[in-house]
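These notes are about the structure you will find just below.
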Amino acid sequence: MTASTTTTPALETRGLTIRFGGHVAVNDVSCRFTPGTLTSIVGPNGAGKTTYFNLISGQLRASSGQVIVGGEDITGLAPSARTKRGLGRAFQLTNLFPQLTALENVRLAVQSRADAGWSLLKVWNTRRDLIEQAEAVLERVRLADKRHIAPKALSHGDQRKLEVALLIAMEPKVFMFDEPTAGMSVDEVPTILELINDIRQRGDATVLLVEHKMDVVRSLSDRIIVLHNGALVADGDPAEVIASPVVQEAYLGVEVARD
Amino acid sequence: MTSSPALPLPFDETRRRGGLLTGLLSSDLPRSRALSFILLAIFVLLAATPFLFSGSQPVGTAAKICVFIVLVASYDLLLGYSGIVSFAHTMFFGIGGYGIAIALERMGPTWSSAAIGLIAALALSAVLAIAIGLLSLRVRAIFFSMITLAVATAAAVLASQLSEITGGEDGLSFQLPPALRPAFRLFSEPVFGTMINGRLLAYYLVFVVSLLVFLALLRIVNSPFGRVLQAIRENEFRAEALGYRVVAYRTAASVISALAATIAGALMALWLRYNGPDTTLSFSIMIDILLMVVIGGMGTMYGAVIGAALFVLAQSYLQVLMGAGSAALAGIPLLPNLIHPDRWLLWLGALFIISVYAFPGGVVGRLRQGKS
């Protein structure tokens with residue numbers, strides 16, 4: 001059940017493995033992610049989904065295996081260098097600059113993408129273009145009217161939106177969402193899902209989504225992969241994967257009779 | 001859903017206003033009437049000290065304030081803006097002082113030896129700051145602080161042991177280039193009743209260089225680079241994930257801070273015509289710097305101005321003031337003893353504790369808060 005493809009993958013992992021002592025958190029995961037597709041990564045808690053993300057974006061170093069972005073092996077690079085190569089990540093636990101304004105949070109992401117961080121002798125607000133781009137992103141996530149509020153004073157839902165705004169502002173080739181709707185109130189979820197859908201429909205972005213809500217996964221995904229105990233156990237068309245016995249057992253905890 | 005217009009704010013920092021002053025201050029205006037007034041008063045007093053006060057003590061105090069403004073501002077770039085706790089700041093201050101002192105003593109009192117001394121000191125400081133940064137900014141903050149402490153202690157021991165070069169505990173006295181000596185006269189007639197001699201030129205050299213370095217630091221903390229430092233201070237992990245190489249930015253901040261401290265050390269030595277462990281290297285200066293940053297307000301360059309001015313003034317005049325008070329209260333039991341000039345450190349400590357309790361954001365934080 002492998003989604004075969006002829007185009008160069010935007011992102012590929014080859015035999016990606018990490019061990020913590022005797023525990024293998026991610027076990028030999030090989031997978032290719034094609035431009036223009038949204039792949040959901042599902043699995044029970046502790047299956048290694050976030051660890052897999054951390055290996056891809058560089059917060060953790062792999063024990064073995066490779067991470068390849070656009071044909072380049074980036075396994076040995078620091079997170080910042082991976083970001084510069086087009087990997088963008090939104091975090092599961094909101095991870096922002098708590099005391100800076102919402103606008104400044106986004107502006108920092110825009111500034112990074114514009115490679116303007118090493119400018120020491122200009123005053124930051126002379127780069128109006130960066131401020132305007134940041135404002136446009138805030139507009140897109142519907143936070144324009146809260147641009148002068150710091151994240152610590154924003155609601156949880158607005159913090160999640162800002163997290164997505166930072167990702168959009170980086171304009172990555174690969175978007176990685178780690179449970180973007182976690183902890184959100186029911187009426188806020190559609191906004192985030194619309195944003196993700198919007199990203200998928202613009203250009204040929206590659207989207208990776210870790211999500212627990214099965215209805216969300218079913219409606220958004222082009223493809224689903226299943227991690228269980230750190231290993232990739234299923235991969236393919238959403239309806240097919242969700243219906244497969246291995247998912248029913250591994251993900252939904254349903255005991256499937258074996259013969 | 002249409003976006004509503006941004007909320008009107010009392011102060012919108014993204015709106016750039018024109019003007020020479022805004023440019024000089026890098027758009028980082030004091031944002032408080034009282035603060036503007038105090039800063040202007042300090043600036044005018046420092047600029048006019050030689051013409052306003054007679055005698056050598058006021059000018060000496062003013063020169064020390066200028067030097068410490070640079071030293072404290074450069075430390076605030078580390079502590080307040082980047083969240084780096086370093087104890088090696090006086091080492092760079094000392095390198096600047098020894099650079100000038102050794103060059104002028106060995107190579108004769110000329111401008112070129114001063115330039116060579118300064119350039120050598122800047123180079124040494126840069127190399128050390130890069131080495132400390134790359135070797136240790138990856139580790140946890142507490143270990144970095146410990147490493148800087150060890151390096152600074154080693155430097156102080158080295159300076160006192162290498163007495164052939166540094167003069168050991170006695171330090172080095174040296175002659176200044178002729179234009180900076182007291183006997184030098186720029187004009188034969190006094191200006192505004194003050195003779196323009198070499199001493200006065202030396203003061204203005206200290207004043208102008210300090211002002212320029214301060215404005216440069218103000219520019220750097222308000223540059224895109226300075227914004228990255230603040231982002232790293234807020235959330236290092238996220239800054240790295242956004243694509244900013246945290247180690248490189250931190251190391252750069254350390255180097256800039258070290259270079260500014262080196263210039264401050266050079267100015268201190270030029271002003272005193274002497275450099276020794278007690279004037280630039282001692283650990284008590286490190287503690288003074290920390291106090292000045294905290295009193296003025298961490299993470300604001302203007303805090304350095306206020307912290308340095310307050311602290312140096314207290315250091316220089318608290319004893320005099322207490323002496324006068326003690327004499328005035330003579331005859332009353334206990335009180336004259338309590339404010340005897342010998343207790344000045346006790347009172348300085350009390351002032352410090354009170355100011356930290358009363359203004360947790362420093363004087364600048366308090367003034368800016370009071371405004372809105």
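We label chains A, B, ... in the order they appear in the structure tokens, count residues from 1 in each chain, and number ligands from 1 in the order shown.
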**OP:** With a cut-off of 6 Å and counting only C-alpha atoms, select all residues of chain A in contact with chain B and give the selection as JSON, numbers by chain.
**Re:** {"A": [79, 80, 83, 84, 97, 109, 117, 118, 119, 120, 122, 123, 124, 125, 145]}
Give me a file of those residues, with C-alpha atoms, as a PDB file, in the first residue's frame.
ATOM      1  CA  PRO A  79      16.789  23.315  12.816  1.00  0.00           C
ATOM      2  CA  SER A  80      17.464  26.852  11.535  1.00  0.00           C
ATOM      3  CA  THR A  83      13.951  25.979   7.951  1.00  0.00           C
ATOM      4  CA  LYS A  84      16.059  27.872   5.414  1.00  0.00           C
ATOM      5  CA  PHE A  97       7.297  34.841  21.668  1.00  0.00           C
ATOM      6  CA  ALA A 109       9.073  35.019  10.672  1.00  0.00           C
ATOM      7  CA  GLY A 117      18.288  39.213  10.449  1.00  0.00           C
ATOM      8  CA  TRP A 118      21.903  40.175   9.982  1.00  0.00           C
ATOM      9  CA  SER A 119      21.176  43.792   9.253  1.00  0.00           C
ATOM     10  CA  LEU A 120      22.678  45.682  12.206  1.00  0.00           C
ATOM     11  CA  LYS A 122      19.228  49.893   9.843  1.00  0.00           C
ATOM     12  CA  VAL A 123      16.334  50.625  12.141  1.00  0.00           C
ATOM     13  CA  TRP A 124      13.963  47.664  11.928  1.00  0.00           C
ATOM     14  CA  ASN A 125      10.881  49.733  11.063  1.00  0.00           C
ATOM     15  CA  ASP A 145      -7.339  43.583  14.824  1.00  0.00           C
TER      16      ASP A 145
END
**OP:** For B:Arg140, work out the shell of residues within 12 Å, counting only C-alpha atoms and skipping chain neighbours fewer than 5 positions away, then give it as an MDAnalysis selection string.
**Re:** chainID B and resid 84:85 135 145:147 236 247
N, CA and C atoms of the current selection, written as an mmCIF file, in the first residue's frame:
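The resulting file, part_4.cif, is shown below:
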data_model
loop_
_atom_site.group_PDB
_atom_site.id
_atom_site.type_symbol
_atom_site.label_atom_id
_atom_site.label_comp_id
_atom_site.auth_asym_id
_atom_site.auth_seq_id
_atom_site.Cartn_x
_atom_site.Cartn_y
_atom_site.Cartn_z
ATOM 1 N N ILE B 84 21.647 36.953 28.031
ATOM 2 C CA ILE B 84 22.886 36.219 28.301
ATOM 3 C C ILE B 84 23.493 36.773 29.589
ATOM 4 N N VAL B 85 23.763 35.886 30.551
ATOM 5 C CA VAL B 85 24.377 36.333 31.798
ATOM 6 C C VAL B 85 25.866 36.030 31.738
ATOM 7 N N LEU B 135 32.333 28.259 21.993
ATOM 8 C CA LEU B 135 32.580 27.096 22.840
ATOM 9 C C LEU B 135 31.464 26.881 23.847
ATOM 10 N N SER B 145 27.424 31.076 32.228
ATOM 11 C CA SER B 145 27.795 32.073 33.231
ATOM 12 C C SER B 145 29.013 31.622 34.020
ATOM 13 N N MET B 146 29.020 30.324 34.371
ATOM 14 C CA MET B 146 30.152 29.793 35.142
ATOM 15 C C MET B 146 31.443 29.884 34.330
ATOM 16 N N ILE B 147 31.331 29.561 33.042
ATOM 17 C CA ILE B 147 32.531 29.609 32.197
ATOM 18 C C ILE B 147 33.059 31.038 32.099
ATOM 19 N N GLU B 236 14.090 30.867 22.690
ATOM 20 C CA GLU B 236 15.254 30.449 21.917
ATOM 21 C C GLU B 236 14.903 29.336 20.925
ATOM 22 N N VAL B 247 23.060 30.262 18.013
ATOM 23 C CA VAL B 247 24.460 30.356 18.485
ATOM 24 C C VAL B 247 25.189 31.506 17.790
#
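Atom CA of B:Gly323 is positioned 6.1 Å from atom CA of B:His340.
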**OP:** Please provide as JSON, numbers by chain all residues within 7 Å of A:Leu138, with the sequence filter that same-chain residues fewer than 5 positions apart are discarded (counting only C-alpha atoms).
**Re:** {"A": [143, 144, 165]}
**OP:** Give the helix (DSSP H, G or I) residues of stretch 118-249 of chain B, as assigned by DSSP on the backbone, as JSON, numbers by chain.
**Re:** {"B": [118, 119, 120, 121, 122, 123, 124, 125, 126, 127, 128, 129, 130, 131, 132, 133, 134, 135, 136, 141, 142, 143, 144, 145, 146, 147, 148, 149, 150, 151, 152, 153, 154, 155, 156, 157, 158, 159, 160, 161, 163, 164, 165, 166, 168, 169, 170, 178, 179, 180, 198, 199, 200, 201, 202, 203, 204, 205, 206, 207, 208, 209, 210, 211, 212, 213, 214, 215, 216, 217, 218, 219, 220, 221, 224, 225, 226, 227, 228, 229, 230, 231, 232, 233, 234, 236, 237, 238, 239, 240, 241, 246, 247, 248, 249]}
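Shortest atom-to-atom contact with A:Glu135 among A:Glu194, A:Asp237, A:Glu104, A:Asp215: A:Glu104, counting only C-alpha atoms.
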**OP:** For atom CA of B:Ala253 and atom CA of A:Leu103, quote the distance in Å rounded to one decimal.
**Re:** 24.1 Å
**OP:** Skip A:Leu87 itself and residues of its chain fewer than 6 positions away, then list as a PyMOL selection string all residues within 7 Å of it, counting only C-alpha atoms.
**Re:** chain A and resi 57+172-175
**OP:** Quote the spacing between atom CA of B:Leu259 and atom CA of B:Ala48 in Å to one decimal place.
**Re:** 27.5 Å
Hey, what's within 12 Å of B:Phe43 if we count only C-alpha atoms and toss same-chain stuff fewer than 3 positions away? As a PDB file with C-alpha atoms, in the first residue's frame, please?
ATOM      1  CA  SER B  36      12.979  62.641  28.140  1.00  0.00           C
ATOM      2  CA  PHE B  37      13.579  65.458  30.581  1.00  0.00           C
ATOM      3  CA  ILE B  38      15.977  63.434  32.749  1.00  0.00           C
ATOM      4  CA  LEU B  39      17.915  62.179  29.737  1.00  0.00           C
ATOM      5  CA  LEU B  40      18.170  65.667  28.295  1.00  0.00           C
ATOM      6  CA  LEU B  46      27.670  65.972  30.808  1.00  0.00           C
ATOM      7  CA  ALA B  47      28.217  68.127  27.725  1.00  0.00           C
ATOM      8  CA  ALA B  48      28.796  71.278  29.775  1.00  0.00           C
ATOM      9  CA  THR B  49      30.422  69.940  32.963  1.00  0.00           C
ATOM     10  CA  ALA B  62      31.383  63.202  34.566  1.00  0.00           C
ATOM     11  CA  ILE B  65      29.679  58.536  34.070  1.00  0.00           C
ATOM     12  CA  CYS B  66      30.325  58.718  30.310  1.00  0.00           C
ATOM     13  CA  ILE B  69      27.158  54.581  30.316  1.00  0.00           C
ATOM     14  CA  PHE B 207      32.326  62.407  25.981  1.00  0.00           C
ATOM     15  CA  VAL B 208      32.098  62.303  22.184  1.00  0.00           C
ATOM     16  CA  SER B 210      30.969  57.561  24.552  1.00  0.00           C
ATOM     17  CA  LEU B 211      28.049  59.331  22.882  1.00  0.00           C
ATOM     18  CA  TYR B 302      18.279  54.560  28.350  1.00  0.00           C
ATOM     19  CA  VAL B 305      22.323  56.206  31.112  1.00  0.00           C
ATOM     20  CA  ILE B 306      20.210  56.630  34.216  1.00  0.00           C
ATOM     21  CA  ALA B 309      24.590  58.451  36.244  1.00  0.00           C
TER      22      ALA B 309
END
Name all residues at most 12 Å from A:Asp28 (count only C-alpha atoms; drop same-chain ones fewer than 2 positions away) and give them as a JSON list (two decimals) with C-alpha atoms, in the first residue's frame.
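Output (around.json):
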[["chain", "number", "residue", "atom", "x", "y", "z"],
["A", 13, "THR", "CA", 12.68, 10.03, 5.11],
["A", 14, "ARG", "CA", 14.80, 6.94, 4.65],
["A", 15, "GLY", "CA", 14.98, 4.41, 7.45],
["A", 16, "LEU", "CA", 14.53, 7.17, 10.00],
["A", 17, "THR", "CA", 15.12, 5.80, 13.50],
["A", 18, "ILE", "CA", 15.68, 7.21, 16.97],
["A", 19, "ARG", "CA", 16.41, 5.28, 20.11],
["A", 24, "VAL", "CA", 12.86, 2.80, 19.85],
["A", 25, "ALA", "CA", 10.55, 5.83, 19.49],
["A", 26, "VAL", "CA", 10.68, 6.01, 15.71],
["A", 30, "SER", "CA", 10.77, 5.43, 5.12],
["A", 31, "CYS", "CA", 8.28, 7.69, 3.42],
["A", 48, "GLY", "CA", 5.97, 8.55, 17.69],
["A", 52, "TYR", "CA", 8.92, 11.82, 13.79],
["A", 62, "ALA", "CA", 18.26, 10.67, 14.26],
["A", 63, "SER", "CA", 20.09, 7.60, 15.55],
["A", 64, "SER", "CA", 20.12, 6.37, 11.97],
["A", 65, "GLY", "CA", 18.44, 7.11, 8.67],
["A", 66, "GLN", "CA", 18.17, 10.22, 6.56],
["A", 67, "VAL", "CA", 15.94, 13.22, 6.01],
["A", 227, "LEU", "CA", 2.45, 5.10, 12.94],
["A", 228, "HIS", "CA", 2.23, 2.51, 15.66],
["A", 229, "ASN", "CA", 4.95, 1.93, 18.26],
["A", 230, "GLY", "CA", 7.23, 4.07, 16.14],
["A", 231, "ALA", "CA", 6.82, 2.02, 12.98],
["A", 232, "LEU", "CA", 4.94, 2.84, 9.81],
["A", 233, "VAL", "CA", 2.15, 0.28, 9.67]]
Original post:
Can you tell me, as a ChimeraX atom specification, what residues are no more than 12 Å from B:Leu348 when counting only C-alpha atoms, ignoring any on the same chain fewer than 4 positions away?
Top reply: /B:288,291-292,295,310-319,322,339,341-344,352-355
